[in-house]
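Novice: mmCIF, C-alpha atoms, file model.cif:
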data_data
loop_
_atom_site.group_PDB
_atom_site.id
_atom_site.type_symbol
_atom_site.label_atom_id
_atom_site.label_comp_id
_atom_site.auth_asym_id
_atom_site.auth_seq_id
_atom_site.Cartn_x
_atom_site.Cartn_y
_atom_site.Cartn_z
ATOM 1 C CA MET V 1 46.623 -15.668 35.964
ATOM 2 C CA GLU V 2 44.253 -13.435 33.996
ATOM 3 C CA ASN V 3 45.952 -14.283 30.682
ATOM 4 C CA LYS V 4 45.826 -18.000 31.524
ATOM 5 C CA TYR V 5 42.113 -17.759 32.320
ATOM 6 C CA THR V 6 41.483 -15.810 29.119
ATOM 7 C CA GLY V 7 43.334 -18.444 27.089
ATOM 8 C CA ARG V 8 41.268 -21.270 28.597
ATOM 9 C CA THR V 9 38.069 -19.348 27.965
ATOM 10 C CA PHE V 10 39.068 -18.809 24.328
ATOM 11 C CA ILE V 11 39.745 -22.532 23.830
ATOM 12 C CA VAL V 12 36.407 -23.467 25.425
ATOM 13 C CA GLU V 13 34.609 -20.991 23.153
ATOM 14 C CA ILE V 14 36.298 -22.423 20.049
ATOM 15 C CA ILE V 15 35.328 -25.965 21.068
ATOM 16 C CA ALA V 16 31.737 -24.821 21.719
ATOM 17 C CA ILE V 17 31.585 -23.168 18.289
ATOM 18 C CA LEU V 18 32.905 -26.324 16.574
ATOM 19 C CA ILE V 19 30.366 -28.503 18.392
ATOM 20 C CA GLY V 20 27.617 -26.059 17.417
ATOM 21 C CA LEU V 21 28.671 -26.247 13.776
ATOM 22 C CA VAL V 22 28.530 -30.054 13.898
ATOM 23 C CA PHE V 23 24.938 -29.901 15.129
ATOM 24 C CA LEU V 24 24.054 -27.351 12.434
ATOM 25 C CA VAL V 25 25.289 -29.564 9.568
ATOM 26 C CA PRO V 26 22.001 -31.567 9.295
ATOM 27 C CA PHE V 27 20.034 -28.299 9.154
ATOM 28 C CA TYR V 28 22.260 -27.125 6.322
ATOM 29 C CA TYR V 29 21.578 -30.269 4.306
ATOM 30 C CA VAL V 30 17.824 -30.126 4.888
ATOM 31 C CA ILE V 31 17.414 -26.413 4.113
ATOM 32 C CA SER V 32 19.812 -26.269 1.156
ATOM 33 C CA ASN V 33 18.369 -29.370 -0.514
ATOM 34 C CA SER V 34 14.808 -28.159 0.047
ATOM 35 C CA LEU V 35 15.648 -25.241 -2.253
ATOM 36 C CA LYS V 36 16.995 -27.397 -5.100
ATOM 37 C CA THR V 37 15.403 -29.285 -7.946
ATOM 38 C CA PHE V 38 15.243 -33.059 -7.618
ATOM 39 C CA ALA V 39 17.963 -33.411 -10.296
ATOM 40 C CA ASP V 40 20.308 -31.083 -8.369
ATOM 41 C CA ILE V 41 19.799 -33.110 -5.200
ATOM 42 C CA LEU V 42 20.845 -36.286 -7.003
ATOM 43 C CA THR V 43 23.822 -34.524 -8.570
ATOM 44 C CA ASN V 44 25.369 -33.022 -5.419
ATOM 45 C CA THR V 45 23.643 -32.928 -2.043
ATOM 46 C CA SER V 46 26.408 -30.900 -0.378
ATOM 47 C CA ALA V 47 26.479 -27.979 -2.800
ATOM 48 C CA LEU V 48 24.508 -24.786 -2.377
ATOM 49 C CA PRO V 49 21.472 -24.441 -4.670
ATOM 50 C CA SER V 50 22.356 -22.764 -7.965
ATOM 51 C CA VAL V 51 18.835 -21.332 -8.250
ATOM 52 C CA LEU V 52 16.538 -21.074 -5.238
ATOM 53 C CA GLN V 53 13.457 -23.205 -5.858
ATOM 54 C CA TRP V 54 10.864 -21.463 -3.670
ATOM 55 C CA GLN V 55 8.191 -23.292 -5.620
ATOM 56 C CA ASN V 56 9.065 -26.399 -3.579
ATOM 57 C CA TYR V 57 7.652 -24.709 -0.490
ATOM 58 C CA VAL V 58 4.533 -23.553 -2.281
ATOM 59 C CA GLN V 59 3.778 -27.077 -3.487
ATOM 60 C CA ALA V 60 4.626 -28.650 -0.135
ATOM 61 C CA PHE V 61 2.430 -26.084 1.656
ATOM 62 C CA GLU V 62 -0.544 -26.967 -0.554
ATOM 63 C CA ARG V 63 -0.097 -30.743 -0.596
ATOM 64 C CA LEU V 64 0.620 -30.922 3.128
ATOM 65 C CA ASP V 65 -2.573 -28.920 3.801
ATOM 66 C CA TYR V 66 -0.362 -26.962 6.140
ATOM 67 C CA LEU V 67 -2.889 -24.528 7.592
ATOM 68 C CA ARG V 68 -5.199 -27.347 8.704
ATOM 69 C CA VAL V 69 -2.512 -29.550 10.271
ATOM 70 C CA PHE V 70 -0.894 -26.501 11.896
ATOM 71 C CA THR V 71 -4.240 -25.544 13.460
ATOM 72 C CA ASN V 72 -4.745 -29.111 14.724
ATOM 73 C CA SER V 73 -1.289 -29.178 16.325
ATOM 74 C CA LEU V 74 -1.822 -25.740 17.835
ATOM 75 C CA ILE V 75 -5.180 -26.682 19.390
ATOM 76 C CA ILE V 76 -3.800 -29.899 20.858
ATOM 77 C CA THR V 77 -0.601 -28.286 22.190
ATOM 78 C CA VAL V 78 -2.296 -25.230 23.708
ATOM 79 C CA GLY V 79 -5.186 -27.259 25.140
ATOM 80 C CA SER V 80 -2.826 -29.796 26.694
ATOM 81 C CA ASN V 81 -0.656 -27.073 28.211
ATOM 82 C CA VAL V 82 -3.654 -25.312 29.733
ATOM 83 C CA VAL V 83 -5.039 -28.408 31.460
ATOM 84 C CA LEU V 84 -1.578 -29.570 32.563
ATOM 85 C CA ILE V 85 -0.718 -26.205 34.103
ATOM 86 C CA ILE V 86 -4.071 -25.774 35.861
ATOM 87 C CA PHE V 87 -4.525 -29.267 37.280
ATOM 88 C CA CYS V 88 -0.886 -30.082 38.016
ATOM 89 C CA SER V 89 -0.103 -26.784 39.735
ATOM 90 C CA MET V 90 -3.114 -27.226 42.028
ATOM 91 C CA ALA V 91 -2.255 -30.873 42.679
ATOM 92 C CA ALA V 92 1.383 -30.071 43.485
ATOM 93 C CA TYR V 93 0.325 -27.242 45.804
ATOM 94 C CA MET V 94 -1.977 -29.512 47.809
ATOM 95 C CA LEU V 95 0.642 -32.270 47.956
ATOM 96 C CA VAL V 96 3.219 -29.827 49.343
ATOM 97 C CA ARG V 97 0.983 -28.060 51.845
ATOM 98 C CA THR V 98 -0.881 -31.157 53.084
ATOM 99 C CA LYS V 99 1.514 -32.638 55.635
ATOM 100 C CA LYS V 100 0.201 -36.198 55.610
ATOM 101 C CA LYS V 101 1.730 -39.530 54.702
ATOM 102 C CA ILE V 102 -0.844 -40.035 51.947
ATOM 103 C CA SER V 103 0.486 -36.899 50.214
ATOM 104 C CA ASN V 104 3.966 -38.414 49.987
ATOM 105 C CA ILE V 105 2.528 -41.671 48.683
ATOM 106 C CA ILE V 106 0.536 -39.903 45.974
ATOM 107 C CA PHE V 107 3.538 -37.777 44.987
ATOM 108 C CA MET V 108 5.828 -40.803 44.746
ATOM 109 C CA THR V 109 3.182 -42.566 42.648
ATOM 110 C CA PHE V 110 3.244 -39.722 40.132
ATOM 111 C CA VAL V 111 7.053 -39.752 40.091
ATOM 112 C CA ALA V 112 7.150 -43.536 39.644
ATOM 113 C CA ALA V 113 4.733 -43.260 36.714
ATOM 114 C CA MET V 114 7.373 -41.284 34.816
ATOM 115 C CA VAL V 115 9.505 -44.401 34.316
ATOM 116 C CA ILE V 116 6.707 -46.545 32.819
ATOM 117 C CA PRO V 117 7.345 -46.909 29.056
ATOM 118 C CA PHE V 118 4.434 -45.870 26.875
ATOM 119 C CA GLN V 119 4.765 -48.985 24.705
ATOM 120 C CA SER V 120 3.846 -51.210 27.644
ATOM 121 C CA ILE V 121 0.442 -49.570 28.139
ATOM 122 C CA MET V 122 -0.522 -48.300 24.697
ATOM 123 C CA ILE V 123 -2.706 -51.321 23.790
ATOM 124 C CA PRO V 124 -4.879 -51.213 26.949
ATOM 125 C CA LEU V 125 -4.898 -47.407 26.697
ATOM 126 C CA ILE V 126 -6.331 -47.421 23.181
ATOM 127 C CA LYS V 127 -8.864 -50.102 24.136
ATOM 128 C CA THR V 128 -10.013 -48.040 27.131
ATOM 129 C CA ALA V 129 -10.084 -44.855 25.051
ATOM 130 C CA GLY V 130 -12.281 -46.608 22.478
ATOM 131 C CA ASN V 131 -14.715 -47.681 25.187
ATOM 132 C CA LEU V 132 -14.885 -44.102 26.492
ATOM 133 C CA GLY V 133 -15.315 -42.587 23.030
ATOM 134 C CA LEU V 134 -12.011 -40.692 23.113
ATOM 135 C CA LEU V 135 -10.653 -41.935 19.791
ATOM 136 C CA ASN V 136 -10.685 -39.618 16.764
ATOM 137 C CA SER V 137 -11.018 -36.652 19.092
ATOM 138 C CA MET V 138 -8.479 -33.897 19.695
ATOM 139 C CA TRP V 139 -9.881 -33.296 23.173
ATOM 140 C CA GLY V 140 -9.623 -37.009 23.908
ATOM 141 C CA LEU V 141 -5.943 -36.715 22.990
ATOM 142 C CA VAL V 142 -5.624 -33.701 25.304
ATOM 143 C CA ILE V 143 -6.998 -35.798 28.187
ATOM 144 C CA MET V 144 -4.395 -38.486 27.467
ATOM 145 C CA TYR V 145 -1.608 -35.914 27.450
ATOM 146 C CA LEU V 146 -2.867 -34.741 30.840
ATOM 147 C CA GLY V 147 -2.399 -38.262 32.144
ATOM 148 C CA PHE V 148 1.015 -38.829 30.616
ATOM 149 C CA GLY V 149 2.387 -35.366 31.407
ATOM 150 C CA SER V 150 1.158 -35.088 34.994
ATOM 151 C CA GLY V 151 4.108 -36.959 36.503
ATOM 152 C CA MET V 152 6.855 -34.649 35.289
ATOM 153 C CA THR V 153 4.742 -31.478 35.601
ATOM 154 C CA ILE V 154 3.737 -32.189 39.214
ATOM 155 C CA PHE V 155 7.336 -33.102 40.005
ATOM 156 C CA LEU V 156 8.598 -29.718 38.731
ATOM 157 C CA TYR V 157 5.850 -27.711 40.446
ATOM 158 C CA HIS V 158 6.302 -29.669 43.680
ATOM 159 C CA GLY V 159 9.974 -28.753 43.978
ATOM 160 C CA PHE V 160 9.339 -25.085 43.186
ATOM 161 C CA ILE V 161 6.398 -24.643 45.573
ATOM 162 C CA LYS V 162 8.483 -25.942 48.488
ATOM 163 C CA GLY V 163 10.617 -22.806 48.134
ATOM 164 C CA ILE V 164 7.659 -20.427 48.540
ATOM 165 C CA PRO V 165 7.330 -19.153 52.152
ATOM 166 C CA VAL V 166 4.136 -20.374 53.758
ATOM 167 C CA GLU V 167 3.956 -17.082 55.710
ATOM 168 C CA LEU V 168 2.680 -15.342 52.554
ATOM 169 C CA GLU V 169 -0.330 -17.641 52.483
ATOM 170 C CA GLU V 170 -0.960 -17.275 56.203
ATOM 171 C CA ALA V 171 -0.965 -13.491 55.857
ATOM 172 C CA ALA V 172 -3.476 -13.709 52.989
ATOM 173 C CA ILE V 173 -5.750 -15.984 55.060
ATOM 174 C CA ILE V 174 -5.631 -13.529 57.972
ATOM 175 C CA ASP V 175 -6.725 -10.799 55.551
ATOM 176 C CA GLY V 176 -9.784 -12.896 54.685
ATOM 177 C CA CYS V 177 -8.638 -14.627 51.489
ATOM 178 C CA SER V 178 -10.208 -18.019 50.771
ATOM 179 C CA PRO V 179 -8.006 -21.112 50.158
ATOM 180 C CA PHE V 180 -8.933 -20.935 46.469
ATOM 181 C CA GLY V 181 -7.997 -17.251 46.382
ATOM 182 C CA VAL V 182 -4.721 -17.903 48.214
ATOM 183 C CA PHE V 183 -3.576 -20.209 45.460
ATOM 184 C CA TRP V 184 -4.683 -18.171 42.451
ATOM 185 C CA ARG V 185 -3.903 -14.695 43.829
ATOM 186 C CA ILE V 186 -0.795 -15.358 45.919
ATOM 187 C CA VAL V 187 0.865 -18.654 44.961
ATOM 188 C CA PHE V 188 0.170 -19.058 41.255
ATOM 189 C CA PRO V 189 1.668 -15.673 40.207
ATOM 190 C CA LEU V 190 4.876 -16.704 42.006
ATOM 191 C CA LEU V 191 4.984 -19.867 39.874
ATOM 192 C CA LYS V 192 5.543 -17.953 36.626
ATOM 193 C CA PRO V 193 9.198 -19.060 36.143
ATOM 194 C CA ILE V 194 8.446 -22.757 36.538
ATOM 195 C CA THR V 195 5.180 -22.404 34.603
ATOM 196 C CA VAL V 196 7.108 -21.075 31.602
ATOM 197 C CA THR V 197 9.599 -23.928 31.925
ATOM 198 C CA VAL V 198 6.788 -26.482 32.122
ATOM 199 C CA MET V 199 5.051 -24.948 29.123
ATOM 200 C CA ILE V 200 8.207 -25.076 27.012
ATOM 201 C CA LEU V 201 9.061 -28.676 27.921
ATOM 202 C CA ASN V 202 5.512 -29.920 27.353
ATOM 203 C CA SER V 203 5.154 -27.966 24.106
ATOM 204 C CA LEU V 204 8.314 -29.525 22.668
ATOM 205 C CA TRP V 205 7.073 -32.975 23.629
ATOM 206 C CA ILE V 206 3.447 -32.619 22.494
ATOM 207 C CA TRP V 207 4.180 -30.739 19.252
ATOM 208 C CA ASN V 208 6.731 -33.359 18.127
ATOM 209 C CA ASP V 209 4.844 -36.414 19.376
ATOM 210 C CA TYR V 210 4.003 -38.918 16.674
ATOM 211 C CA LEU V 211 3.145 -42.243 18.341
ATOM 212 C CA LEU V 212 0.154 -41.277 20.498
ATOM 213 C CA PRO V 213 -1.602 -39.133 17.826
ATOM 214 C CA SER V 214 -1.026 -41.907 15.270
ATOM 215 C CA LEU V 215 -2.946 -44.303 17.536
ATOM 216 C CA VAL V 216 -5.740 -41.908 18.511
ATOM 217 C CA LEU V 217 -6.347 -39.724 15.427
ATOM 218 C CA GLN V 218 -7.383 -41.976 12.540
ATOM 219 C CA ASP V 219 -9.320 -39.299 10.677
ATOM 220 C CA PRO V 220 -7.068 -37.566 8.073
ATOM 221 C CA ALA V 221 -8.786 -34.243 8.888
ATOM 222 C CA LEU V 222 -7.429 -34.431 12.458
ATOM 223 C CA ARG V 223 -3.780 -35.067 11.594
ATOM 224 C CA THR V 224 -1.101 -33.088 13.415
ATOM 225 C CA ILE V 225 2.067 -31.800 11.761
ATOM 226 C CA PRO V 226 4.188 -34.911 12.626
ATOM 227 C CA LEU V 227 1.440 -37.197 11.279
ATOM 228 C CA ALA V 228 0.980 -35.159 8.121
ATOM 229 C CA THR V 229 4.760 -35.049 7.582
ATOM 230 C CA PHE V 230 4.982 -38.837 7.935
ATOM 231 C CA PHE V 231 2.285 -39.452 5.338
ATOM 232 C CA PHE V 232 3.722 -36.718 3.124
ATOM 233 C CA PHE V 233 7.117 -38.437 3.141
ATOM 234 C CA GLY V 234 5.441 -41.735 2.358
ATOM 235 C CA GLN V 235 3.737 -40.177 -0.643
ATOM 236 C CA TYR V 236 6.694 -38.135 -1.899
ATOM 237 C CA THR V 237 9.727 -40.236 -0.950
ATOM 238 C CA LYS V 238 10.908 -40.105 -4.571
ATOM 239 C CA GLN V 239 10.481 -36.331 -4.646
ATOM 240 C CA TRP V 240 12.998 -35.274 -2.032
ATOM 241 C CA ASP V 241 12.742 -31.637 -3.055
ATOM 242 C CA LEU V 242 9.099 -31.528 -1.915
ATOM 243 C CA ALA V 243 9.620 -33.864 1.038
ATOM 244 C CA LEU V 244 12.457 -31.764 2.474
ATOM 245 C CA ALA V 245 10.491 -28.546 1.953
ATOM 246 C CA GLY V 246 7.609 -30.105 3.879
ATOM 247 C CA LEU V 247 10.023 -31.085 6.658
ATOM 248 C CA VAL V 248 11.299 -27.504 6.948
ATOM 249 C CA LEU V 249 7.725 -26.221 7.141
ATOM 250 C CA SER V 250 7.029 -28.649 9.982
ATOM 251 C CA ILE V 251 9.901 -27.422 12.165
ATOM 252 C CA ILE V 252 9.549 -23.667 11.537
ATOM 253 C CA PRO V 253 6.778 -23.086 14.184
ATOM 254 C CA LEU V 254 8.809 -24.866 16.863
ATOM 255 C CA VAL V 255 11.963 -22.891 16.052
ATOM 256 C CA ILE V 256 10.030 -19.604 16.205
ATOM 257 C CA PHE V 257 8.446 -20.626 19.512
ATOM 258 C CA PHE V 258 11.807 -21.569 21.025
ATOM 259 C CA PHE V 259 13.553 -18.323 20.061
ATOM 260 C CA SER V 260 10.587 -16.209 21.187
ATOM 261 C CA MET V 261 10.667 -17.903 24.601
ATOM 262 C CA GLN V 262 14.459 -17.913 24.932
ATOM 263 C CA LYS V 263 14.650 -15.060 27.438
ATOM 264 C CA HIS V 264 11.959 -16.712 29.545
ATOM 265 C CA ILE V 265 13.936 -19.978 29.535
ATOM 266 C CA ILE V 266 17.006 -18.188 30.918
ATOM 267 C CA LYS V 267 14.901 -16.274 33.435
ATOM 268 C CA GLY V 268 13.173 -19.487 34.548
ATOM 269 C CA ILE V 269 16.485 -21.280 35.047
ATOM 270 C CA THR V 270 17.872 -18.326 37.022
ATOM 271 C CA SER V 271 14.783 -18.011 39.219
ATOM 272 C CA GLY V 272 14.699 -21.762 39.761
ATOM 273 C CA SER V 273 18.340 -21.803 40.895
ATOM 274 C CA ILE V 274 17.685 -18.929 43.311
ATOM 275 C CA LYS V 275 14.667 -20.751 44.734
#
Starting from the file, give its structure as C-alpha cells.

Specialist:
Amino acid sequence: MENKYTGRTFIVEIIAILIGLVFLVPFYYVISNSLKTFADILTNTSALPSVLQWQNYVQAFERLDYLRVFTNSLIITVGSNVVLIIFCSMAAYMLVRTKKKISNIIFMTFVAAMVIPFQSIMIPLIKTAGNLGLLNSMWGLVIMYLGFGSGMTIFLYHGFIKGIPVELEEAAIIDGCSPFGVFWRIVFPLLKPITVTVMILNSLWIWNDYLLPSLVLQDPALRTIPLATFFFFGQYTKQWDLALAGLVLSIIPLVIFFFSMQKHIIKGITSGSIK
C-alpha cells in the first residue's frame, strides 16, 4: 500500500512539474528576448541570447520614466489597501455583530454588487467623478477602488469575523473597554490572517488594473505602470527588445511582492481553514 501511494504521489508530482513548465514558457520568451538585440529576436525568438543586452533595460528604464510610474502605482496601491482594510473591516464587524434584518440586506447588497460588470457603469461613473472633481487625481482613483473593492473585501472579513468568539468582546467591555477599543484592540489583531489575504488579492488587482486608471488619469505625470507600459508598447512596437525589457520591469515589483508575502499567504489559508 505504501509503495502504491508513493508511486501515485510521484506521478502527481511529475504532472505538476510539467504543468508548471508549461506556464513558465511565456516567461522564458519574454525574459530571454528582452536580453537580445532586435536583429537576434527576428532571427530566432526561441534561442538563448548570445550576448546579454543589459542596455535594453537601461534604455527602457529611462524611457519608461520608471521611478515616477512606480511611485504612482505604489501610492495608489498602498492608499487603496489602507482605506479598504480600515473601512471594510469595520463595516463587516458591524454587519456581523448587529443582529438585525437590515444588516443582512446591506451585506447581500455588497455581495450582489460583486457581479455587476464594470463596463456597464463606467460611463456614468466617469461623468459623476468629473462632477465631483475626482478625475486626474490619484486620491480620486483610491476612492473609486474603495467602492469597487468593498464588496469582496467585506465578504471575506464577514466570513472570518463570524468565527471569532463574541465572549472575547464581552470580557473586554466588562473590563471597561469602549466599543471602538474593542474592535481595534481585541478584534482587529485577530483579523491579521484575513487582512494579509485581502491585501494580497487587492494589491494584485489594483497594481495590474489598466481600464479604470486609463479613464481617470489623463495626465501623463500620473500614469501607473500598466498605463506607462501600454503607451511604451505603442511607441516602441517595432523595437521589441526595448518593449520586452519594459514589460519585465513592470512585472518585477509584483513578483517580489508575491514571493515576500508567500509565507503569509500559506499562513492565512491555514488560519482561515481552522476558523

Novice: Ile161 in chain V: which residues within 12 Å, counting only C-alpha atoms, same-chain residues fewer than 5 positions away excluded, as a PDB file with C-alpha atoms, keeping the file's coordinate frame?

Specialist:
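Result file follows (out-v6.pdb):
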ATOM      1  CA  CYS V  88      -0.886 -30.082  38.016  1.00  0.00           C
ATOM      2  CA  SER V  89      -0.103 -26.784  39.735  1.00  0.00           C
ATOM      3  CA  MET V  90      -3.114 -27.226  42.028  1.00  0.00           C
ATOM      4  CA  ALA V  91      -2.255 -30.873  42.679  1.00  0.00           C
ATOM      5  CA  ALA V  92       1.383 -30.071  43.485  1.00  0.00           C
ATOM      6  CA  TYR V  93       0.325 -27.242  45.804  1.00  0.00           C
ATOM      7  CA  MET V  94      -1.977 -29.512  47.809  1.00  0.00           C
ATOM      8  CA  LEU V  95       0.642 -32.270  47.956  1.00  0.00           C
ATOM      9  CA  VAL V  96       3.219 -29.827  49.343  1.00  0.00           C
ATOM     10  CA  ARG V  97       0.983 -28.060  51.845  1.00  0.00           C
ATOM     11  CA  ILE V 154       3.737 -32.189  39.214  1.00  0.00           C
ATOM     12  CA  PHE V 155       7.336 -33.102  40.005  1.00  0.00           C
ATOM     13  CA  LEU V 156       8.598 -29.718  38.731  1.00  0.00           C
ATOM     14  CA  VAL V 166       4.136 -20.374  53.758  1.00  0.00           C
ATOM     15  CA  GLU V 169      -0.330 -17.641  52.483  1.00  0.00           C
ATOM     16  CA  PHE V 183      -3.576 -20.209  45.460  1.00  0.00           C
ATOM     17  CA  ILE V 186      -0.795 -15.358  45.919  1.00  0.00           C
ATOM     18  CA  VAL V 187       0.865 -18.654  44.961  1.00  0.00           C
ATOM     19  CA  PHE V 188       0.170 -19.058  41.255  1.00  0.00           C
ATOM     20  CA  PRO V 189       1.668 -15.673  40.207  1.00  0.00           C
ATOM     21  CA  LEU V 190       4.876 -16.704  42.006  1.00  0.00           C
ATOM     22  CA  LEU V 191       4.984 -19.867  39.874  1.00  0.00           C
ATOM     23  CA  LYS V 192       5.543 -17.953  36.626  1.00  0.00           C
ATOM     24  CA  PRO V 193       9.198 -19.060  36.143  1.00  0.00           C
ATOM     25  CA  ILE V 194       8.446 -22.757  36.538  1.00  0.00           C
ATOM     26  CA  THR V 195       5.180 -22.404  34.603  1.00  0.00           C
ATOM     27  CA  GLY V 272      14.699 -21.762  39.761  1.00  0.00           C
ATOM     28  CA  LYS V 275      14.667 -20.751  44.734  1.00  0.00           C
TER      29      LYS V 275
END

Novice: From the options V:Phe87, V:Trp139, V:Phe258, V:Trp54, which residue's atoms come nearest to Ala245 in chain V, counting all atoms listed in the file?

Specialist: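 Between V:Phe87, V:Trp139, V:Phe258, V:Trp54, the residue approaching Ala245 in chain V most closely is V:Trp54.
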
Novice: Calculated over all atoms listed in the file, which of the candidates V:Phe61, V:Phe23, V:Tyr28, V:Phe10 has the smallest distance to Phe232 in chain V?

Specialist: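 Looking at the shortest contact to Phe232 in chain V, the residue is V:Phe61.
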
Novice: Report, in Å with one decimal, the straight-line distance from CA of Ile200 in chain V to CA of Asn81 in chain V.

Specialist: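 Between CA of Ile200 in chain V and CA of Asn81 in chain V the gap works out to 9.2 Å.
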
Novice: My list of candidates is V:Leu67, V:Val182, V:Val115, V:Val216. Which is closest to Leu141 in chain V when distances are computed with all atoms listed in the file?

Specialist: V:Val216

Novice: What is the distance, in Å and to one decimal place, between CA of Leu212 in chain V and CA of Met144 in chain V?

Specialist: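 Between CA of Leu212 in chain V and CA of Met144 in chain V the gap is 8.8 Å.
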
Novice: Using all atoms listed in the file, which residue out of V:Gln59, V:Ser178, V:Asn136, V:Ser32 lies closest to Ala221 in chain V?

Specialist: V:Asn136

Novice: Might I get the box with edges along x, y and z of the file that holds all atoms of range 200-211 of chain V listed there, padded by 4 Å on every side, given as centre and edge lengths in Å to one decimal, as JSON?

Specialist:
{"center_x": 6.1, "center_y": -33.7, "center_z": 22.3, "size_x": 13.9, "size_y": 25.2, "size_z": 19.2}

Novice: Compare V:Lys263, V:Trp207, V:Ile164, V:Gly176 by their minimum atom-to-atom distance to Ile251 in chain V, counting all atoms listed in the file, and give me the closest one.

Specialist: V:Trp207

Novice: Figure out the distance between CA of Leu242 in chain V and CA of Ile206 in chain V, please, to one decimal in Å.

Specialist: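 Pair CA of Ile206 in chain V / CA of Leu242 in chain V returns 25.1 Å.
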
Novice: Rank nothing, just name the residue among V:Ala113, V:Ala243, V:Ala171, V:Val196 nearest to Ile41 in chain V, using all atoms listed in the file.

Specialist: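 Among the listed residues, V:Ala243 lies closest to Ile41 in chain V.
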
Novice: Fewer than 6 positions away in the same chain doesn't count, so skip those; otherwise give me all residues within 10 Å of Thr71 in chain V, counting all atoms listed in the file, as a PyMOL selection string.

Specialist: chain V and resi 77+222-225

Novice: May I have the residues from that selection written out with C-alpha atoms, as a PDB file, keeping the file's coordinate frame?

Specialist:
ATOM      1  CA  THR V  77      -0.601 -28.286  22.190  1.00  0.00           C
ATOM      2  CA  LEU V 222      -7.429 -34.431  12.458  1.00  0.00           C
ATOM      3  CA  ARG V 223      -3.780 -35.067  11.594  1.00  0.00           C
ATOM      4  CA  THR V 224      -1.101 -33.088  13.415  1.00  0.00           C
ATOM      5  CA  ILE V 225       2.067 -31.800  11.761  1.00  0.00           C
TER       6      ILE V 225
END

Novice: Residues picked by the PyMOL selection byres ((chain V and resi 111) around 10) here, as number ranges by chain?

Specialist: V: 105-110, 112-116, 150-155

Novice: Carefully work through the PyMOL selection byres ((chain V and resi 36) around 12) for this structure and note down the residues it includes, as a VMD selection string.

Specialist: chain V and resid 29 to 35 37 to 57 239 to 245

Novice: Please dump the current selection as a PDB file, in the coordinates of the input; keep C-alpha atoms.

Specialist:
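Output file part_39.pdb follows:
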ATOM      1  CA  TYR V  29      21.578 -30.269   4.306  1.00  0.00           C
ATOM      2  CA  VAL V  30      17.824 -30.126   4.888  1.00  0.00           C
ATOM      3  CA  ILE V  31      17.414 -26.413   4.113  1.00  0.00           C
ATOM      4  CA  SER V  32      19.812 -26.269   1.156  1.00  0.00           C
ATOM      5  CA  ASN V  33      18.369 -29.370  -0.514  1.00  0.00           C
ATOM      6  CA  SER V  34      14.808 -28.159   0.047  1.00  0.00           C
ATOM      7  CA  LEU V  35      15.648 -25.241  -2.253  1.00  0.00           C
ATOM      8  CA  THR V  37      15.403 -29.285  -7.946  1.00  0.00           C
ATOM      9  CA  PHE V  38      15.243 -33.059  -7.618  1.00  0.00           C
ATOM     10  CA  ALA V  39      17.963 -33.411 -10.296  1.00  0.00           C
ATOM     11  CA  ASP V  40      20.308 -31.083  -8.369  1.00  0.00           C
ATOM     12  CA  ILE V  41      19.799 -33.110  -5.200  1.00  0.00           C
ATOM     13  CA  LEU V  42      20.845 -36.286  -7.003  1.00  0.00           C
ATOM     14  CA  THR V  43      23.822 -34.524  -8.570  1.00  0.00           C
ATOM     15  CA  ASN V  44      25.369 -33.022  -5.419  1.00  0.00           C
ATOM     16  CA  THR V  45      23.643 -32.928  -2.043  1.00  0.00           C
ATOM     17  CA  SER V  46      26.408 -30.900  -0.378  1.00  0.00           C
ATOM     18  CA  ALA V  47      26.479 -27.979  -2.800  1.00  0.00           C
ATOM     19  CA  LEU V  48      24.508 -24.786  -2.377  1.00  0.00           C
ATOM     20  CA  PRO V  49      21.472 -24.441  -4.670  1.00  0.00           C
ATOM     21  CA  SER V  50      22.356 -22.764  -7.965  1.00  0.00           C
ATOM     22  CA  VAL V  51      18.835 -21.332  -8.250  1.00  0.00           C
ATOM     23  CA  LEU V  52      16.538 -21.074  -5.238  1.00  0.00           C
ATOM     24  CA  GLN V  53      13.457 -23.205  -5.858  1.00  0.00           C
ATOM     25  CA  TRP V  54      10.864 -21.463  -3.670  1.00  0.00           C
ATOM     26  CA  GLN V  55       8.191 -23.292  -5.620  1.00  0.00           C
ATOM     27  CA  ASN V  56       9.065 -26.399  -3.579  1.00  0.00           C
ATOM     28  CA  TYR V  57       7.652 -24.709  -0.490  1.00  0.00           C
ATOM     29  CA  GLN V 239      10.481 -36.331  -4.646  1.00  0.00           C
ATOM     30  CA  TRP V 240      12.998 -35.274  -2.032  1.00  0.00           C
ATOM     31  CA  ASP V 241      12.742 -31.637  -3.055  1.00  0.00           C
ATOM     32  CA  LEU V 242       9.099 -31.528  -1.915  1.00  0.00           C
ATOM     33  CA  ALA V 243       9.620 -33.864   1.038  1.00  0.00           C
ATOM     34  CA  LEU V 244      12.457 -31.764   2.474  1.00  0.00           C
ATOM     35  CA  ALA V 245      10.491 -28.546   1.953  1.00  0.00           C
TER      36      ALA V 245
END

Novice: What lies within 12 Å of Phe230 in chain V using only C-alpha atoms, ignoring chain neighbours under 6 positions off, as a ChimeraX atom specification?

Specialist: /V:64,208-211,213-214,223-224,236-237,243-244,246-247,250

Novice: For those residues, write C-alpha atoms to a file as a tab-separated table (two decimals), in the frame of the given file.

Specialist:
chain	number	residue	atom	x	y	z
V	64	LEU	CA	0.62	-30.92	3.13
V	208	ASN	CA	6.73	-33.36	18.13
V	209	ASP	CA	4.84	-36.41	19.38
V	210	TYR	CA	4.00	-38.92	16.67
V	211	LEU	CA	3.14	-42.24	18.34
V	213	PRO	CA	-1.60	-39.13	17.83
V	214	SER	CA	-1.03	-41.91	15.27
V	223	ARG	CA	-3.78	-35.07	11.59
V	224	THR	CA	-1.10	-33.09	13.42
V	236	TYR	CA	6.69	-38.14	-1.90
V	237	THR	CA	9.73	-40.24	-0.95
V	243	ALA	CA	9.62	-33.86	1.04
V	244	LEU	CA	12.46	-31.76	2.47
V	246	GLY	CA	7.61	-30.10	3.88
V	247	LEU	CA	10.02	-31.08	6.66
V	250	SER	CA	7.03	-28.65	9.98
